[in-house]
2 protein chains.
Amino acid sequence: MSRVVVALGGNALLQRDERPGAQVQYHHVETAAAPLAAIAAAHALIVTHGNGPQVGLLALESAADPDLEAPYPFDTLGAETQGMIGYWLAQALRNATGGAEVVALVTQTVVDPADPAFTHPTKFVGRPYDEAEAHALVAARGWVVHPDGARWRRVVASPDPLEVVEVAVLERLVCAGVVPVCVGGGGVPVVREGGRLRGVEAVIDKDLASALVARALGADLLVMATDVAHVELGFGTPEARPLERVTPGELAAMTFAPGSMGPKVEAARRFVSATGGRAAIGALGALEGLVAGGAGTQVVPD
Amino acid sequence: MSRVVVALGGNALLQRDERPGAQVQYHHVETAAAPLAAIAAAHALIVTHGNGPQVGLLALESAADPDLEAPYPFDTLGAETQGMIGYWLAQALRNATGGAEVVALVTQTVVDPADPAFTHPTKFVGRPYDEAEAHALVAARGWVVHPDGARWRRVVASPDPLEVVEVAVLERLVCAGVVPVCVGGGGVPVVREGGRLRGVEAVIDKDLASALVARALGADLLVMATDVAHVELGFGTPEARPLERVTPGELAAMTFAPGSMGPKVEAARRFVSATGGRAAIGALGALEGLVAGGAGTQVVPD
């Protein structure tokens, strides 16, 4: 039975124009669970997911909490989102499969404390502020802020994921036929210090972390399900054209938007280069075609 | 190797006079991890935990969030606390054991939708309000409120736990030598409806849920670690005396405070009656004595 890692983008839970309520997100999760159940019937499935809107919401709530002297850090907030989204996904997928063993695990992802991302944070989190307000938050809370269009937003480090701490447990579960929901939001970011783990203020890219766990579990296929049908070359230009079948070598010679598609392409490139497996990027609604090979952008060995 | 379930009370994470910051709670978790690591070296350990202060904090943050039309329900909030506290405990225990496989799982606990607790909610959650403020919240949000001393607080249902959904996965992990952190806050409350699971607005007692998982996993010992050294008969009276060794039959003839000690005593009674195993209730600082049998209140078969 082949192993398939499906990484669900943030839009699997919340669309751009929606308010981040629990009910609407659960509704989207239930919609995603139907095609995931079909995959789980024929493959050993591992589910990962993003947490961008959710961790941003919890960070704002924590920062606004009058009972707290300091907001909760991003490792703890990320763990909260793993609990929440993991619960929704595990419950909905257990229901959609008619009772398959599905379980959400809280997993940690090791990063390098010397990763240059820590001195050059780039990942936008939370809401936009006016410039004066943003600089006041830098002084008050030690945030790093960057302009985002006409306004300013907090940025945090997005270091490269190196290792999923719980991979041995995941391997046992997959071997036993359990569907794990894991590596949520890229995993809780931690560093190793003298053999001990310690949480750090960072947000790990969930596609790069999903490629890492796919490789560690010997997956045959890594699917990144998002809200566009294909990776496009020249995205947003009149010359835009969809990529249907591409190799890691070809991808390395192309450029993509650093924000959203860049990490997906890099994750696909890394996974296929390292394993000789296949990766697919495309719409959540076309999940079965992405797995079968006929939909989206299929990344195949050189 | 004997199986030991240790249920950590809320005070393992936060003391009554402390503000609920992340750092202070992680510090307490690290303190608890040292004796837990000693237990894990000699026994198959399963860790469960409460979430009272934490779920109350998140409920208030969610209710105050201007981006939400409705606060998140208690099943989702409970799952958030499982992620957060589970992460802290799993990381600290992995560190304290020098790298044992410890993993936090998001687990669901089935309750009966016809449980009388749903029509007579009794479990206080969140902060106190003035009477007028409390009645305004009843009208605005559909809360049920009760007097708590001179002020009023929200109450939610605390139905009896019937089944831990993920028990088969937990059994696999324990057999494989993994230490699971599970049943946090009593588990995410769910009902079964035609074979499907659905979250409900409730907070399950974590000691009763811990007794349930201890029984399902065939545990030899259930330890409830709290902030008092013993269960006391006549607690708060001049005749108060510590119970050192007691049987389920003797306990059934005694009365205890319904709030905190009552569920612990009932959990111990149920576990020991059903299994012929042993239960212990006492101070977290005496954990090794509680396990060995020489400390706290030891509940032994009739």
# chains A, B, ... in the order shown; residues from 1 in each chain; ligands from 1

call {"tool": "interface_residues", "arguments": {"of": "chain A", "to": "chain B", "cutoff": "8 Å", "atoms": "only C-alpha atoms", "output": "JSON, numbers by chain"}}
result
{"A": [19, 20, 21, 22, 61, 62, 64, 65, 67, 68, 69, 70, 71, 72, 73, 76, 77, 79, 80, 81, 82, 83, 84, 86, 87, 88, 91, 95, 98, 99, 101, 103, 104, 105, 106, 107, 166, 169, 173, 178, 195, 196, 197, 198]}

call {"tool": "select_by_dssp", "arguments": {"residues": "region 98-204 of chain B", "states": "strand (DSSP E)", "output": "PyMOL selection string"}}
result
chain B and resi 102-106+108-110+123-129+144-148+151-156+163-164+179-181+188-193+196-199

call {"tool": "residues_around", "arguments": {"residues": "Leu137 (chain A)", "least_positions_apart": "6", "cutoff": "12 Å", "atoms": "only C-alpha atoms", "output": "ChimeraX atom specification"}}
result
/A:63,128-131,143-146,152-155

call {"tool": "select_by_dssp", "arguments": {"residues": "region 38-134 of chain B", "states": "alpha helix (DSSP H)", "output": "PyMOL selection string"}}
result
chain B and resi 38-42+52-64+74-96+131-134

call {"tool": "residues_around", "arguments": {"residues": "Val231 (chain B)", "least_positions_apart": "6", "cutoff": "12 Å", "atoms": "only C-alpha atoms", "output": "VMD selection string"}}
result
chain B and resid 224 to 225 240 to 246 251 254 to 257 260 to 266 268 280 to 283 295 to 299

call {"tool": "closest_residue", "arguments": {"among": "A:Pro113, A:Gly277, A:Gly293, A:Pro121", "to": "Arg192 (chain A)", "atoms": "only C-alpha atoms"}}
result
A:Pro113

call {"tool": "residues_around", "arguments": {"residues": "Pro189 (chain B)", "least_positions_apart": "4", "cutoff": "8 Å", "atoms": "only C-alpha atoms", "output": "PyMOL selection string"}}
result
chain B and resi 75+108-111+199-204

call {"tool": "residues_around", "arguments": {"residues": "Pro301 (chain B)", "least_positions_apart": "2", "cutoff": "7 Å", "atoms": "only C-alpha atoms", "output": "PyMOL selection string"}}
result
chain B and resi 247-248+272-273+276-277+299

call {"tool": "residues_around", "arguments": {"residues": "Gly52 (chain B)", "least_positions_apart": "2", "cutoff": "12 Å", "atoms": "only C-alpha atoms", "output": "PyMOL selection string"}}
result
chain B and resi 8-16+20+49-50+54-59+74+77-78+81-82+85+123-127+184-186+203-206+260

call {"tool": "atom_distance", "arguments": {"atom1": "CA of Thr275 (chain B)", "atom2": "CA of Arg215 (chain B)"}}
result
6.8 Å

call {"tool": "atom_distance", "arguments": {"atom1": "CA of Val4 (chain A)", "atom2": "CA of Leu217 (chain A)"}}
result
9.7 Å

call {"tool": "closest_residue", "arguments": {"among": "B:Ala117, B:Val179, B:Val223, B:Val47", "to": "Ala286 (chain B)", "atoms": "only C-alpha atoms"}}
result
B:Val223

call {"tool": "decode", "arguments": {"residues": "region 22-132 of chain B", "atoms": "C-alpha atoms", "output": "short mmCIF file (atom, residue, chain, number, x, y, z; two decimals), in the first residue's frame"}}
result
data_model
loop_
_atom_site.label_atom_id
_atom_site.label_comp_id
_atom_site.auth_asym_id
_atom_site.auth_seq_id
_atom_site.Cartn_x
_atom_site.Cartn_y
_atom_site.Cartn_z
CA ALA B 22 2.85 30.58 29.35
CA GLN B 23 6.24 30.86 31.02
CA VAL B 24 5.09 30.18 34.59
CA GLN B 25 3.03 27.20 33.44
CA TYR B 26 5.95 25.74 31.51
CA HIS B 27 8.09 26.16 34.62
CA HIS B 28 5.58 24.12 36.66
CA VAL B 29 5.41 21.49 33.93
CA GLU B 30 9.19 21.14 34.04
CA THR B 31 9.01 20.66 37.82
CA ALA B 32 6.38 17.93 37.38
CA ALA B 33 8.41 16.26 34.63
CA ALA B 34 11.23 15.18 36.94
CA PRO B 35 9.18 12.78 39.12
CA LEU B 36 7.18 11.68 36.06
CA ALA B 37 10.45 10.70 34.37
CA ALA B 38 11.34 8.51 37.35
CA ILE B 39 7.97 6.73 37.00
CA ALA B 40 8.47 6.33 33.24
CA ALA B 41 11.81 4.62 33.84
CA ALA B 42 10.19 1.79 35.80
CA HIS B 43 6.63 1.59 34.48
CA ALA B 44 4.54 2.00 31.34
CA LEU B 45 3.35 5.56 31.97
CA ILE B 46 0.24 7.27 30.64
CA VAL B 47 -0.15 10.98 31.49
CA THR B 48 -3.47 12.85 31.64
CA HIS B 49 -4.10 16.41 32.77
CA GLY B 50 -6.69 19.01 33.73
CA ASN B 51 -7.39 22.24 31.85
CA GLY B 52 -9.70 24.30 34.08
CA PRO B 53 -7.81 27.61 34.24
CA GLN B 54 -6.57 27.24 30.66
CA VAL B 55 -9.93 26.55 29.00
CA GLY B 56 -11.45 29.38 31.05
CA LEU B 57 -8.77 31.77 29.76
CA LEU B 58 -9.26 30.77 26.12
CA ALA B 59 -13.05 31.00 26.46
CA LEU B 60 -12.76 34.58 27.70
CA GLU B 61 -10.30 35.49 24.93
CA SER B 62 -12.61 33.99 22.32
CA ALA B 63 -15.66 35.77 23.76
CA ALA B 64 -13.75 39.10 23.66
CA ASP B 65 -12.46 38.65 20.09
CA PRO B 66 -13.87 41.40 17.86
CA ASP B 67 -13.18 39.28 14.74
CA LEU B 68 -15.61 36.54 15.80
CA GLU B 69 -19.38 36.55 15.48
CA ALA B 70 -19.66 33.88 18.17
CA PRO B 71 -17.12 32.56 20.67
CA TYR B 72 -15.59 29.16 19.96
CA PRO B 73 -17.48 26.27 21.59
CA PHE B 74 -16.02 24.24 24.46
CA ASP B 75 -15.13 21.20 22.37
CA THR B 76 -12.86 23.33 20.19
CA LEU B 77 -11.46 25.29 23.14
CA GLY B 78 -10.75 22.05 24.98
CA ALA B 79 -8.88 20.75 21.93
CA GLU B 80 -6.79 23.94 21.94
CA THR B 81 -5.79 23.32 25.55
CA GLN B 82 -4.90 19.70 24.72
CA GLY B 83 -2.52 20.99 22.05
CA MET B 84 -0.94 23.58 24.32
CA ILE B 85 -0.63 21.61 27.56
CA GLY B 86 0.13 18.40 25.67
CA TYR B 87 3.01 20.14 23.90
CA TRP B 88 4.43 21.46 27.17
CA LEU B 89 4.15 18.10 28.94
CA ALA B 90 5.47 16.02 26.04
CA GLN B 91 8.46 18.32 25.51
CA ALA B 92 9.35 18.60 29.21
CA LEU B 93 8.97 14.86 29.79
CA ARG B 94 11.02 14.00 26.71
CA ASN B 95 13.72 16.32 28.06
CA ALA B 96 13.52 14.94 31.62
CA THR B 97 13.77 11.31 30.43
CA GLY B 98 16.72 12.01 28.17
CA GLY B 99 14.73 11.36 25.02
CA ALA B 100 11.99 8.81 25.72
CA GLU B 101 9.25 8.70 23.10
CA VAL B 102 6.57 10.92 24.58
CA VAL B 103 3.75 12.21 22.40
CA ALA B 104 0.64 14.29 23.04
CA LEU B 105 -2.53 13.12 21.32
CA VAL B 106 -5.76 14.98 20.85
CA THR B 107 -8.38 12.64 22.28
CA GLN B 108 -12.17 12.71 22.35
CA THR B 109 -14.43 11.40 25.11
CA VAL B 110 -17.93 10.15 24.32
CA VAL B 111 -20.78 11.27 26.56
CA ASP B 112 -24.52 10.48 26.50
CA PRO B 113 -26.62 13.27 24.91
CA ALA B 114 -29.36 12.28 27.39
CA ASP B 115 -27.03 12.77 30.38
CA PRO B 116 -28.96 14.82 32.96
CA ALA B 117 -25.92 17.11 33.22
CA PHE B 118 -27.02 18.74 29.95
CA THR B 119 -30.28 19.94 31.51
CA HIS B 120 -28.64 20.71 34.87
CA PRO B 121 -25.22 22.18 34.11
CA THR B 122 -23.09 22.62 37.24
CA LYS B 123 -19.45 23.09 36.23
CA PHE B 124 -18.25 26.67 36.77
CA VAL B 125 -16.11 28.04 33.93
CA GLY B 126 -14.57 31.48 33.34
CA ARG B 127 -14.63 34.51 35.58
CA PRO B 128 -17.28 35.88 38.00
CA TYR B 129 -19.81 38.55 36.99
CA ASP B 130 -22.25 40.86 38.78
CA GLU B 131 -25.80 39.58 38.75
CA ALA B 132 -27.05 42.07 36.13
#
